[in-house]
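See below for the structure under consideration.
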Amino acid sequence: QVQLVESGGGLVQAGGSLRLSCAGSGSFLSFYRMGWYRQAPGKQRELVATIPRGGNPNYADYAKGRFTISRDNAKNTVYLQMNSLKPEDTAVYYCTSRDFNSRDYWGQGTQVTVSS
């Protein structure tokens with residue numbers, strides 16, 4: 001059974017930084033593509049960034065230049081370094097993983113709050 005456990009969320013002032021981590025448990029086949037989505041109150045869940053095993057990352061436009069996604073394949077862990085945070089980045093951030101059969105798995109989410 002695949003589990004994704006996020007950590008690193010919290011409260012930060014505008015302009016600050018946070019680093020999110022997501023550790024996956026299960027077969028490495030379950031972690032072909034890992035990434036992050038976010039959902040703000042009253043809004044739909046949206047892509048932040050994804051990174052495939054051995055491939056190049058993909059970012060949402062608003063994340064380019066501010067956020068950096070990376071992964072440690074040996075640990076089935078994905079990271080999201082967020083810099084220059086803005087109040088509009090406030091959301092619940094969800095870790096996700098897609099396996100080689102295109103099945104998606106989700107973490108429980110971690111709250112990120114950016115104060116102005």
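Chain labels A, B, ... are given in the sequence in which chains occur in the structure tokens; within each chain residues are numbered consecutively from 1, and ligands are likewise numbered from 1 in the order shown.
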Show me a table, sorted first by chain and then by increasing residue number, of the residues of range 27-48 of chain A having an atom at most 8 Å from range 62-76 of chain A, each with its shortest atom pair and the distance in Å to one decimal, counting only C-alpha atoms and written as JSON lines.
```
{"residue": "A:Phe28", "atom": "CA", "partner": "A:Asn76", "partner_atom": "CA", "distance": 6.9}
{"residue": "A:Phe31", "atom": "CA", "partner": "A:Asn76", "partner_atom": "CA", "distance": 6.8}
{"residue": "A:Gly35", "atom": "CA", "partner": "A:Ile69", "partner_atom": "CA", "distance": 7.7}
{"residue": "A:Val48", "atom": "CA", "partner": "A:Ala63", "partner_atom": "CA", "distance": 6.5}
```
* **Within 6 Å of range 83-100 of chain A using only C-alpha atoms, minus same-chain residues under 3 positions, as a PyMOL selection string** => chain A and resi 14-17+29-40+66+103-107+109-116
* To do: Please run DSSP on the backbone and report, as a PyMOL selection string, all residues within range 21-105 of chain A that come out as strand (DSSP E).
  => chain A and resi 21-25+33-39+46-52+58-59+67-72+77-82+91-98+104-105
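One finds CA of Cys22 in chain A at 6.4 Å from CA of Ser7 in chain A.
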* To do: Going by DSSP on the backbone, which bits of chain A are helix (DSSP H, G or I)? Write them as a ChimeraX atom specification, please.
  => /A:28-31,61-63,73-75,87-89
* Asked: Between A:Glu6, A:Ser102, A:Val78, A:Pro41, which one has atoms that come closest to Arg53 in chain A, using only C-alpha atoms?
  ->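 Ranking A:Glu6, A:Ser102, A:Val78, A:Pro41 by distance to Arg53 in chain A, first place goes to A:Val78.
CA of Leu20 in chain A lies 22.5 Å from CA of Gln1 in chain A.
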* Asked: What is the distance between CA of Leu4 in chain A and CA of Ala23 in chain A, in Å to one decimal?
  -> 5.6 Å
* Taking only C-alpha atoms into account, which of A:Glu46, A:Thr77, A:Asn101, A:Met82 comes nearest Val12 in chain A? ->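 So, comparing all the options, the nearest one is A:Met82.
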